[in-house]
$ cat model.pdb   # PDB, C-alpha atoms and all ligand atoms
ATOM      1  CA  MET J   9       6.932 -26.406  35.326
ATOM      2  CA  LYS J  10       3.239 -26.205  36.274
ATOM      3  CA  ARG J  11       1.889 -23.122  34.563
ATOM      4  CA  ILE J  12       3.045 -21.043  31.602
ATOM      5  CA  GLY J  13       1.824 -17.828  30.004
ATOM      6  CA  VAL J  14       1.756 -17.002  26.321
ATOM      7  CA  ILE J  15       1.483 -13.624  24.598
ATOM      8  CA  THR J  16       1.557 -12.274  21.056
ATOM      9  CA  THR J  17       3.051  -8.794  20.766
ATOM     10  CA  GLY J  18       4.012  -6.217  18.132
ATOM     11  CA  GLY J  19       2.551  -6.338  14.629
ATOM     12  CA  ASP J  20       0.491  -9.444  14.016
ATOM     13  CA  ALA J  21       1.917 -12.050  11.641
ATOM     14  CA  PRO J  22       0.201 -14.984   9.913
ATOM     15  CA  GLY J  23       1.082 -18.120  11.857
ATOM     16  CA  MET J  24       0.867 -16.580  15.329
ATOM     17  CA  ASN J  25      -2.283 -18.619  15.938
ATOM     18  CA  ALA J  26      -0.560 -21.784  14.792
ATOM     19  CA  ALA J  27       2.182 -21.019  17.342
ATOM     20  CA  ILE J  28      -0.366 -20.406  20.153
ATOM     21  CA  ARG J  29      -2.031 -23.719  19.320
ATOM     22  CA  ALA J  30       1.238 -25.642  19.252
ATOM     23  CA  VAL J  31       2.552 -24.108  22.498
ATOM     24  CA  THR J  32      -0.759 -24.855  24.228
ATOM     25  CA  ARG J  33      -1.025 -28.442  23.041
ATOM     26  CA  LEU J  34       2.630 -29.241  23.732
ATOM     27  CA  ALA J  35       2.303 -27.804  27.241
ATOM     28  CA  ALA J  36      -1.013 -29.590  27.809
ATOM     29  CA  SER J  37       0.602 -32.890  26.788
ATOM     30  CA  LYS J  38       2.953 -32.391  29.780
ATOM     31  CA  ASN J  39       0.066 -31.393  32.083
ATOM     32  CA  ILE J  40       1.183 -27.789  32.126
ATOM     33  CA  GLU J  41      -1.542 -25.184  32.486
ATOM     34  CA  VAL J  42      -1.549 -22.362  29.905
ATOM     35  CA  LEU J  43      -2.740 -18.786  30.398
ATOM     36  CA  GLY J  44      -3.079 -16.672  27.268
ATOM     37  CA  PHE J  45      -2.513 -13.019  28.171
ATOM     38  CA  ARG J  46      -4.530 -10.712  25.968
ATOM     39  CA  ARG J  47      -3.302  -7.748  23.895
ATOM     40  CA  GLY J  48       0.403  -8.469  24.286
ATOM     41  CA  TRP J  49       2.249  -6.783  27.142
ATOM     42  CA  GLU J  50      -0.983  -4.975  28.020
ATOM     43  CA  GLY J  51      -2.407  -8.276  29.254
ATOM     44  CA  LEU J  52       0.508  -8.677  31.624
ATOM     45  CA  ILE J  53       0.255  -5.093  32.854
ATOM     46  CA  THR J  54      -3.486  -5.391  33.537
ATOM     47  CA  ASN J  55      -3.548  -9.101  34.450
ATOM     48  CA  THR J  56      -5.997  -9.951  31.673
ATOM     49  CA  PHE J  57      -5.882 -13.511  30.433
ATOM     50  CA  ILE J  58      -7.866 -16.470  29.205
ATOM     51  CA  GLN J  59      -7.271 -20.122  30.032
ATOM     52  CA  LEU J  60      -6.070 -22.038  27.003
ATOM     53  CA  ASN J  61      -6.374 -25.776  26.561
ATOM     54  CA  ALA J  62      -6.137 -28.315  23.775
ATOM     55  CA  ARG J  63      -9.796 -27.774  22.847
ATOM     56  CA  SER J  64      -9.875 -23.990  23.016
ATOM     57  CA  VAL J  65      -7.136 -23.772  20.374
ATOM     58  CA  SER J  66      -9.036 -25.981  17.924
ATOM     59  CA  GLY J  67      -9.621 -24.598  14.443
ATOM     60  CA  ILE J  68      -7.093 -21.761  14.628
ATOM     61  CA  ILE J  69      -4.068 -23.221  12.811
ATOM     62  CA  GLN J  70      -5.299 -21.758   9.508
ATOM     63  CA  LEU J  71      -6.329 -18.352  10.843
ATOM     64  CA  GLY J  72      -4.373 -15.149  10.252
ATOM     65  CA  GLY J  73      -4.023 -12.566  13.028
ATOM     66  CA  THR J  74      -3.913 -13.632  16.656
ATOM     67  CA  ILE J  75      -6.769 -14.859  18.839
ATOM     68  CA  LEU J  76      -4.992 -13.300  21.831
ATOM     69  CA  HIS J  77      -4.899  -9.898  20.084
ATOM     70  CA  THR J  78      -1.853  -7.682  20.052
ATOM     71  CA  HIS J  79      -1.091  -4.118  20.920
ATOM     72  CA  ARG J  80       1.772  -1.635  20.808
ATOM     73  CA  SER J  81       2.053  -0.852  24.490
ATOM     74  CA  PRO J  82       3.742   2.467  25.385
ATOM     75  CA  GLU J  83       3.330   1.656  29.084
ATOM     76  CA  PHE J  84       5.547  -1.399  28.740
ATOM     77  CA  GLU J  85       8.364   0.855  27.542
ATOM     78  CA  LYS J  86       8.457   2.480  30.997
ATOM     79  CA  PRO J  87       9.974   0.818  34.103
ATOM     80  CA  GLU J  88       6.576   0.940  35.916
ATOM     81  CA  GLY J  89       4.957  -1.114  33.144
ATOM     82  CA  ILE J  90       7.679  -3.738  33.292
ATOM     83  CA  ILE J  91       7.386  -3.960  37.085
ATOM     84  CA  LYS J  92       3.605  -4.422  36.809
ATOM     85  CA  ALA J  93       4.096  -7.198  34.243
ATOM     86  CA  ALA J  94       6.602  -8.938  36.534
ATOM     87  CA  GLN J  95       4.101  -8.663  39.421
ATOM     88  CA  THR J  96       1.391 -10.297  37.277
ATOM     89  CA  LEU J  97       3.706 -13.204  36.504
ATOM     90  CA  ARG J  98       4.429 -13.649  40.235
ATOM     91  CA  LEU J  99       0.759 -13.244  41.251
ATOM     92  CA  ASN J 100      -0.308 -16.005  38.857
ATOM     93  CA  ASN J 101       2.636 -18.305  39.646
ATOM     94  CA  ILE J 102       3.745 -18.346  36.031
ATOM     95  CA  ASP J 103       6.869 -20.505  35.710
ATOM     96  CA  GLY J 104       7.508 -19.804  32.041
ATOM     97  CA  LEU J 105       6.424 -17.147  29.534
ATOM     98  CA  VAL J 106       6.352 -17.676  25.772
ATOM     99  CA  VAL J 107       6.626 -14.387  23.880
ATOM    100  CA  ILE J 108       5.556 -14.601  20.241
ATOM    101  CA  GLY J 109       6.578 -11.453  18.366
ATOM    102  CA  GLY J 110       9.150  -9.423  16.472
ATOM    103  CA  ASP J 111      12.362  -7.595  17.343
ATOM    104  CA  GLY J 112      10.599  -4.934  19.461
ATOM    105  CA  SER J 113       8.918  -7.714  21.440
ATOM    106  CA  PHE J 114      12.246  -9.256  22.305
ATOM    107  CA  ARG J 115      13.650  -5.930  23.437
ATOM    108  CA  GLY J 116      10.660  -5.837  25.825
ATOM    109  CA  ALA J 117      11.288  -9.436  26.845
ATOM    110  CA  CYS J 118      14.924  -8.586  27.629
ATOM    111  CA  ASP J 119      13.836  -5.758  29.934
ATOM    112  CA  LEU J 120      11.253  -7.972  31.620
ATOM    113  CA  SER J 121      13.763 -10.788  32.149
ATOM    114  CA  GLU J 122      15.724  -8.461  34.449
ATOM    115  CA  GLU J 123      12.689  -8.010  36.719
ATOM    116  CA  THR J 124      11.322 -11.534  36.871
ATOM    117  CA  GLU J 125      12.273 -15.043  37.904
ATOM    118  CA  THR J 126       9.877 -16.431  35.286
ATOM    119  CA  LEU J 127      11.737 -18.140  32.450
ATOM    120  CA  ILE J 128      11.141 -16.490  29.084
ATOM    121  CA  ALA J 129      11.209 -18.210  25.686
ATOM    122  CA  GLY J 130      10.868 -16.094  22.549
ATOM    123  CA  ILE J 131       9.303 -17.255  19.292
ATOM    124  CA  PRO J 132      10.078 -14.924  16.365
ATOM    125  CA  ALA J 133       6.978 -13.942  14.385
ATOM    126  CA  SER J 134       6.958 -10.902  12.127
ATOM    127  CA  ILE J 135       6.359 -10.167   8.465
ATOM    128  CA  ASP J 136       9.510  -8.011   8.525
ATOM    129  CA  ASN J 137      11.903 -10.945   9.100
ATOM    130  CA  ASP J 138      14.257  -8.546  10.867
ATOM    131  CA  VAL J 139      14.982 -10.564  14.015
ATOM    132  CA  TYR J 140      18.599 -11.528  14.645
ATOM    133  CA  GLY J 141      19.098 -15.220  15.452
ATOM    134  CA  THR J 142      16.721 -16.657  12.897
ATOM    135  CA  GLU J 143      16.908 -16.850   9.129
ATOM    136  CA  GLU J 144      13.127 -16.678   8.996
ATOM    137  CA  THR J 145      10.316 -15.461  11.202
ATOM    138  CA  ILE J 146       6.807 -16.899  11.352
ATOM    139  CA  GLY J 147       4.616 -14.981   8.884
ATOM    140  CA  PHE J 148       7.388 -13.834   6.564
ATOM    141  CA  ASP J 149       6.734 -16.496   3.936
ATOM    142  CA  THR J 150       3.002 -15.721   3.965
ATOM    143  CA  ALA J 151       3.589 -11.982   3.578
ATOM    144  CA  VAL J 152       6.024 -12.613   0.726
ATOM    145  CA  ASN J 153       3.445 -14.767  -1.052
ATOM    146  CA  THR J 154       0.686 -12.194  -0.501
ATOM    147  CA  ALA J 155       2.857  -9.443  -1.957
ATOM    148  CA  VAL J 156       4.007 -11.595  -4.884
ATOM    149  CA  GLU J 157       0.421 -12.453  -5.797
ATOM    150  CA  GLU J 158      -0.525  -8.775  -5.871
ATOM    151  CA  ILE J 159       2.573  -7.638  -7.723
ATOM    152  CA  ASP J 160       2.171 -10.278 -10.437
ATOM    153  CA  LYS J 161      -1.194  -8.644 -11.138
ATOM    154  CA  ILE J 162       0.380  -5.205 -11.184
ATOM    155  CA  ARG J 163       2.928  -6.523 -13.713
ATOM    156  CA  ASP J 164       0.035  -7.281 -16.115
ATOM    157  CA  THR J 165      -1.230  -3.730 -16.105
ATOM    158  CA  ALA J 166       2.311  -2.311 -16.166
ATOM    159  CA  ILE J 167       3.019  -4.233 -19.398
ATOM    160  CA  SER J 168      -0.322  -3.300 -20.981
ATOM    161  CA  HIS J 169       0.157   0.422 -20.353
ATOM    162  CA  GLU J 170       3.925   0.421 -20.789
ATOM    163  CA  ARG J 171       4.313   2.057 -17.385
ATOM    164  CA  ILE J 172       6.765   1.891 -14.539
ATOM    165  CA  PHE J 173       5.194   0.874 -11.233
ATOM    166  CA  ILE J 174       6.688   1.526  -7.851
ATOM    167  CA  VAL J 175       5.260  -0.996  -5.387
ATOM    168  CA  GLU J 176       5.857  -0.185  -1.749
ATOM    169  CA  VAL J 177       5.989  -3.107   0.649
ATOM    170  CA  MET J 178       6.206  -3.106   4.447
ATOM    171  CA  GLY J 179       9.279  -3.964   6.527
ATOM    172  CA  ARG J 180       9.663  -0.935   8.777
ATOM    173  CA  GLU J 181      13.293   0.272   8.591
ATOM    174  CA  ARG J 182      14.590  -2.928   7.007
ATOM    175  CA  GLY J 183      14.573  -4.353   3.493
ATOM    176  CA  PHE J 184      14.160  -8.123   4.029
ATOM    177  CA  LEU J 185      10.586  -8.228   2.729
ATOM    178  CA  ALA J 186      11.330  -5.936  -0.238
ATOM    179  CA  LEU J 187      14.402  -7.959  -1.187
ATOM    180  CA  THR J 188      12.726 -11.374  -1.225
ATOM    181  CA  VAL J 189       9.590 -10.013  -2.886
ATOM    182  CA  GLY J 190      11.608  -8.041  -5.438
ATOM    183  CA  LEU J 191      13.732 -11.038  -6.354
ATOM    184  CA  THR J 192      10.740 -13.343  -6.707
ATOM    185  CA  VAL J 193       8.633 -11.019  -8.867
ATOM    186  CA  GLY J 194      11.613 -10.258 -11.103
ATOM    187  CA  ALA J 195      11.607  -6.560 -10.229
ATOM    188  CA  GLU J 196      13.746  -4.319 -12.418
ATOM    189  CA  VAL J 197      14.785  -2.309  -9.342
ATOM    190  CA  ILE J 198      14.727  -3.139  -5.615
ATOM    191  CA  LEU J 199      15.032  -0.286  -3.144
ATOM    192  CA  VAL J 200      16.051  -1.105   0.422
ATOM    193  CA  PRO J 201      16.923   1.216   3.316
ATOM    194  CA  GLU J 202      20.235  -0.589   3.812
ATOM    195  CA  GLU J 203      21.560   0.629   0.442
ATOM    196  CA  ARG J 204      19.992   3.896  -0.619
ATOM    197  CA  ASP J 205      20.310   4.040  -4.389
ATOM    198  CA  PRO J 206      20.456   7.662  -5.552
ATOM    199  CA  LYS J 207      17.597   8.761  -7.789
ATOM    200  CA  GLU J 208      20.016   9.242 -10.702
ATOM    201  CA  LYS J 209      20.925   5.531 -10.623
ATOM    202  CA  ILE J 210      17.239   4.533 -10.817
ATOM    203  CA  VAL J 211      16.629   6.963 -13.694
ATOM    204  CA  LYS J 212      19.637   5.504 -15.540
ATOM    205  CA  THR J 213      18.315   1.945 -15.079
ATOM    206  CA  ILE J 214      14.867   2.931 -16.408
ATOM    207  CA  GLN J 215      16.408   4.655 -19.434
ATOM    208  CA  GLU J 216      18.818   1.801 -20.195
ATOM    209  CA  ASN J 217      15.938  -0.667 -19.951
ATOM    210  CA  ALA J 218      13.873   1.441 -22.372
ATOM    211  CA  GLU J 219      16.767   1.412 -24.837
ATOM    212  CA  LYS J 220      16.860  -2.398 -24.544
ATOM    213  CA  GLY J 221      13.162  -2.509 -25.401
ATOM    214  CA  LYS J 222      11.781  -2.792 -21.867
ATOM    215  CA  LYS J 223       8.994  -0.266 -21.882
ATOM    216  CA  SER J 224       7.509  -1.247 -18.526
ATOM    217  CA  GLY J 225       8.994  -2.175 -15.213
ATOM    218  CA  LEU J 226       8.542  -2.862 -11.534
ATOM    219  CA  ILE J 227      10.348  -1.084  -8.752
ATOM    220  CA  VAL J 228       9.824  -2.807  -5.402
ATOM    221  CA  ALA J 229      10.564  -0.382  -2.584
ATOM    222  CA  ALA J 230      10.730  -1.054   1.130
ATOM    223  CA  GLU J 231       8.607   1.415   3.100
ATOM    224  CA  GLY J 232      11.758   2.375   4.991
ATOM    225  CA  PHE J 233      13.478   3.501   1.780
ATOM    226  CA  GLY J 234      11.744   6.872   1.834
ATOM    227  CA  ASP J 235       8.908   8.872   0.314
ATOM    228  CA  THR J 236       7.710   6.780  -2.627
ATOM    229  CA  HIS J 237       5.084   9.394  -3.654
ATOM    230  CA  LYS J 238       7.856  11.919  -4.127
ATOM    231  CA  LEU J 239      10.039   9.356  -5.879
ATOM    232  CA  ALA J 240       7.243   8.532  -8.351
ATOM    233  CA  ARG J 241       6.841  12.213  -9.257
ATOM    234  CA  GLU J 242      10.586  12.713  -9.627
ATOM    235  CA  LEU J 243      11.110   9.621 -11.776
ATOM    236  CA  GLU J 244       8.286  10.651 -14.068
ATOM    237  CA  LYS J 245       9.937  14.038 -14.576
ATOM    238  CA  ASP J 246      13.551  12.904 -14.804
ATOM    239  CA  ALA J 247      13.154   9.661 -16.780
ATOM    240  CA  GLY J 248      10.315  10.938 -18.984
ATOM    241  CA  VAL J 249       8.127   7.869 -18.369
ATOM    242  CA  GLU J 250       4.704   7.245 -16.878
ATOM    243  CA  VAL J 251       5.069   6.148 -13.257
ATOM    244  CA  ARG J 252       2.371   4.820 -10.938
ATOM    245  CA  LEU J 253       2.635   3.993  -7.259
ATOM    246  CA  SER J 254       0.929   1.145  -5.467
ATOM    247  CA  VAL J 255       1.292   0.885  -1.678
ATOM    248  CA  LEU J 256       0.411  -2.677  -0.677
ATOM    249  CA  GLY J 257      -0.194  -1.837   2.990
ATOM    250  CA  TYR J 258      -1.745  -3.917   5.742
ATOM    251  CA  ALA J 259      -3.051  -6.737   3.536
ATOM    252  CA  GLN J 260       0.510  -8.045   3.796
ATOM    253  CA  ARG J 261      -0.004  -8.733   7.495
ATOM    254  CA  GLY J 262      -3.237 -10.681   7.163
ATOM    255  CA  GLY J 263      -4.529 -13.852   5.604
ATOM    256  CA  SER J 264      -4.255 -17.538   6.230
ATOM    257  CA  PRO J 265      -0.671 -18.572   7.022
ATOM    258  CA  SER J 266       1.222 -20.481   4.336
ATOM    259  CA  ALA J 267       2.215 -24.085   5.011
ATOM    260  CA  ARG J 268       5.771 -22.868   5.632
ATOM    261  CA  SER J 269       4.696 -20.278   8.231
ATOM    262  CA  ARG J 270       2.624 -22.982   9.991
ATOM    263  CA  LEU J 271       5.524 -25.421   9.891
ATOM    264  CA  LEU J 272       7.881 -22.885  11.479
ATOM    265  CA  ALA J 273       5.232 -22.101  14.096
ATOM    266  CA  ASN J 274       5.033 -25.770  15.100
ATOM    267  CA  LEU J 275       8.796 -26.295  15.148
ATOM    268  CA  PHE J 276       9.535 -23.069  17.027
ATOM    269  CA  ALA J 277       6.821 -23.874  19.587
ATOM    270  CA  LYS J 278       8.325 -27.311  20.182
ATOM    271  CA  GLU J 279      11.764 -25.821  20.810
ATOM    272  CA  ALA J 280      10.361 -23.075  23.064
ATOM    273  CA  VAL J 281       8.396 -25.496  25.247
ATOM    274  CA  GLU J 282      11.374 -27.856  25.449
ATOM    275  CA  LEU J 283      13.609 -24.978  26.576
ATOM    276  CA  LEU J 284      11.175 -24.142  29.366
ATOM    277  CA  LEU J 285      10.865 -27.801  30.426
ATOM    278  CA  ASP J 286      14.654 -27.877  30.499
ATOM    279  CA  LYS J 287      14.616 -24.783  32.764
ATOM    280  CA  GLN J 288      16.482 -22.749  30.158
ATOM    281  CA  GLY J 289      15.082 -19.237  30.168
ATOM    282  CA  ASP J 290      15.732 -15.961  28.413
ATOM    283  CA  ARG J 291      16.329 -17.513  25.034
ATOM    284  CA  MET J 292      14.836 -17.009  21.593
ATOM    285  CA  VAL J 293      14.325 -19.912  19.232
ATOM    286  CA  GLY J 294      15.176 -19.644  15.556
ATOM    287  CA  LEU J 295      16.063 -21.281  12.277
ATOM    288  CA  GLN J 296      19.738 -21.382  11.414
ATOM    289  CA  LYS J 297      21.203 -23.365   8.520
ATOM    290  CA  GLY J 298      18.070 -25.480   8.379
ATOM    291  CA  GLU J 299      18.190 -26.388  12.091
ATOM    292  CA  ILE J 300      15.883 -25.225  14.861
ATOM    293  CA  THR J 301      18.094 -23.734  17.505
ATOM    294  CA  SER J 302      18.141 -20.911  20.076
ATOM    295  CA  ILE J 303      20.245 -17.959  21.180
ATOM    296  CA  THR J 304      20.041 -15.712  24.237
ATOM    297  CA  LEU J 305      17.371 -13.025  24.161
ATOM    298  CA  GLU J 306      20.086 -10.514  24.919
ATOM    299  CA  LYS J 307      22.110 -11.464  21.845
ATOM    300  CA  SER J 308      18.980 -11.250  19.697
ATOM    301  CA  CYS J 309      17.962  -7.799  20.958
ATOM    302  CA  LYS J 310      21.423  -6.328  20.789
ATOM    303  CA  THR J 311      22.429  -7.537  17.334
ATOM    304  CA  ARG J 312      21.288  -6.137  14.022
ATOM    305  CA  LYS J 313      20.389  -8.810  11.498
ATOM    306  CA  PRO J 314      22.432  -8.329   8.322
ATOM    307  CA  LEU J 315      20.746  -8.074   4.936
ATOM    308  CA  ASN J 316      21.978 -10.530   2.326
ATOM    309  CA  PHE J 317      23.535  -8.239  -0.269
ATOM    310  CA  GLU J 318      24.399 -11.239  -2.450
ATOM    311  CA  LEU J 319      20.655 -11.672  -3.019
ATOM    312  CA  LEU J 320      20.376  -8.047  -4.055
ATOM    313  CA  LYS J 321      23.258  -8.519  -6.483
ATOM    314  CA  LEU J 322      21.583 -11.614  -7.880
ATOM    315  CA  ALA J 323      18.275  -9.792  -8.315
ATOM    316  CA  ASN J 324      20.014  -6.939 -10.144
ATOM    317  CA  THR J 325      21.854  -9.328 -12.447
ATOM    318  CA  LEU J 326      18.673 -11.230 -13.240
ATOM    319  CA  ALA J 327      16.777  -8.012 -13.957
ATOM    320  CA  THR J 328      18.851  -7.152 -17.012
TER     321      THR J 328
HETATM  322  O1  LIG J 401       6.401  -4.846  12.126
HETATM  323  C1  LIG J 401       5.367  -5.183  11.268
HETATM  324  C2  LIG J 401       4.838  -3.955  10.573
HETATM  325  O2  LIG J 401       3.770  -4.325   9.730
HETATM  326  C3  LIG J 401       5.869  -3.162   9.768
HETATM  327  O3  LIG J 401       6.150  -3.736   8.524
HETATM  328  C4  LIG J 401       5.194  -1.807   9.699
HETATM  329  O4  LIG J 401       6.115  -0.773   9.496
HETATM  330  C5  LIG J 401       4.560  -1.704  11.058
HETATM  331  O5  LIG J 401       4.353  -3.030  11.513
HETATM  332  C6  LIG J 401       3.260  -0.955  11.100
HETATM  333  O6  LIG J 401       2.907  -0.795  12.427
HETATM  334  P1  LIG J 401       1.467  -0.432  12.967
HETATM  335  O7  LIG J 401       0.666  -1.693  12.986
HETATM  336  O8  LIG J 401       1.714   0.051  14.361
HETATM  337  O9  LIG J 401       0.893   0.591  12.061
END
$ encode --input "model.pdb" --output "structure tokens"
Amino acid sequence: MKRIGVITTGGDAPGMNAAIRAVTRLAASKNIEVLGFRRGWEGLITNTFIQLNARSVSGIIQLGGTILHTHRSPEFEKPEGIIKAAQTLRLNNIDGLVVIGGDGSFRGACDLSEETETLIAGIPASIDNDVYGTEETIGFDTAVNTAVEEIDKIRDTAISHERIFIVEVMGRERGFLALTVGLTVGAEVILVPEERDPKEKIVKTIQENAEKGKKSGLIVAAEGFGDTHKLARELEKDAGVEVRLSVLGYAQRGGSPSARSRLLANLFAKEAVELLLDKQGDRMVGLQKGEITSITLEKSCKTRKPLNFELLKLANTLAT
């Protein structure tokens, strides 16, 4: 292994920079050259890269975002884009490629692996935590903490005004972020796309809570649950309470990575570089039962990560 490439793709996640730094320094310690392709798959399609070395990744472990930039690349979804990316890898004699990204990134990596001899190692990084093969992705813990900090503040105003707040968090079509955030802020209701509570059930919960003396409350909703603006209007009408909506938005994707996100970045990078040194390609590293391990990229892309419904049950029990 003489030269590797590294890219960050999909939505950025806090800790991606820590992963770039760790991959670069681990490779450099084995005298492996590192090319950082810019703007995700786009960098491979257009052959745009920067040389990375131990010094050039100084001072980035604490930075949110990604110094390599990222991009949602429609061209990479077409066969021509994938062929161009494979040509770039061949042209630059890249022996191994580290892909740092979310579930969409690994679907792309799977397609690319069929066109290239270059070994691919995936590092899961996404605030959505929706990648199969790892209990946690880089950036998830940071996003959870960002959301919790904001929602604790919203709780103050909810109590003062005796209002119900719906807080919408990110997560695309999955409810991992909403579930962990909801549980840890003590939300009265958690709404996830995987279990679509009917409006009547939410109204009943609000009314029962009011009867118990709970005049305010938090509803944490995953963005994939549905139209929260509409839900706020309907709850106000049907439950006869004041409802406000707060959409947390992109702040959840930014900020300095938490210690946990940095730790995962370092451990995942170590496993990814070791896989490449071992000539094991087309795998994605992950955390399973407290161990750093790996599964095939194919298994990761083709399997839907299950939501932990026991956690949802726990959150509902604790919210009484
Ligand atoms: O996948 C990360 C994520 O932030 C999702 O939670 C969200 O739905 C999506 O990216 C937003 O994508 P974009 O950056 O393309 O608007």
$ residues_around --input "model.pdb" --residues "segment 51-64 of chain J" --least-positions-apart "2" --cutoff "8 Å" --atoms "only C-alpha atoms" --output "ChimeraX atom specification"
/J:29,32-33,36,41-49,66,84,89-90,92-94,96-97
$ residues_near_point --input "model.pdb" --point "(14.3, -0.7, -7.1)" --cutoff "7 Å" --atoms "only C-alpha atoms" --output "list in words"
Glu196, Val197, Ile198, Leu199, Ile227, Val228 and Ala229 of chain J
$ residues_around --input "model.pdb" --residues "Ala30 of chain J" --least-positions-apart "2" --cutoff "9 Å" --atoms "only C-alpha atoms" --output "ChimeraX atom specification"
/J:25-28,32-35,65,69,273-278
$ residues_near_ligand --input "model.pdb" --ligand "ligand LIG 401 (chain J)" --cutoff "7 Å" --atoms "all atoms listed in the file" --output "JSON, numbers by chain"
{"J": [18, 19, 80, 110, 134, 135, 136, 178, 179, 180, 258, 261]}
$ write_last_selection --input "model.pdb" --atoms "C-alpha atoms" --output "short mmCIF file (atom, residue, chain, number, x, y, z; two decimals), in the coordinates of the input"
data_model
loop_
_atom_site.label_atom_id
_atom_site.label_comp_id
_atom_site.auth_asym_id
_atom_site.auth_seq_id
_atom_site.Cartn_x
_atom_site.Cartn_y
_atom_site.Cartn_z
CA GLY J 18 4.01 -6.22 18.13
CA GLY J 19 2.55 -6.34 14.63
CA ARG J 80 1.77 -1.64 20.81
CA GLY J 110 9.15 -9.42 16.47
CA SER J 134 6.96 -10.90 12.13
CA ILE J 135 6.36 -10.17 8.46
CA ASP J 136 9.51 -8.01 8.52
CA MET J 178 6.21 -3.11 4.45
CA GLY J 179 9.28 -3.96 6.53
CA ARG J 180 9.66 -0.94 8.78
CA TYR J 258 -1.74 -3.92 5.74
CA ARG J 261 0.00 -8.73 7.50
#
$ residues_around --input "model.pdb" --residues "Leu127 of chain J" --least-positions-apart "5" --cutoff "8 Å" --atoms "all atoms listed in the file" --output "PyMOL selection string"
chain J and resi 103-105+121+284+287-290
$ resolve_selection --input "model.pdb" --expression "the PyMOL selection byres (((chain J and resi 217-222) around 12) and not hetatm)" --output "count of residues only"
23
$ closest_residue --input "model.pdb" --among "J:Leu253, J:Pro22, J:Thr74, J:Ile68" --to "Ile159 of chain J" --atoms "all atoms listed in the file"
J:Leu253
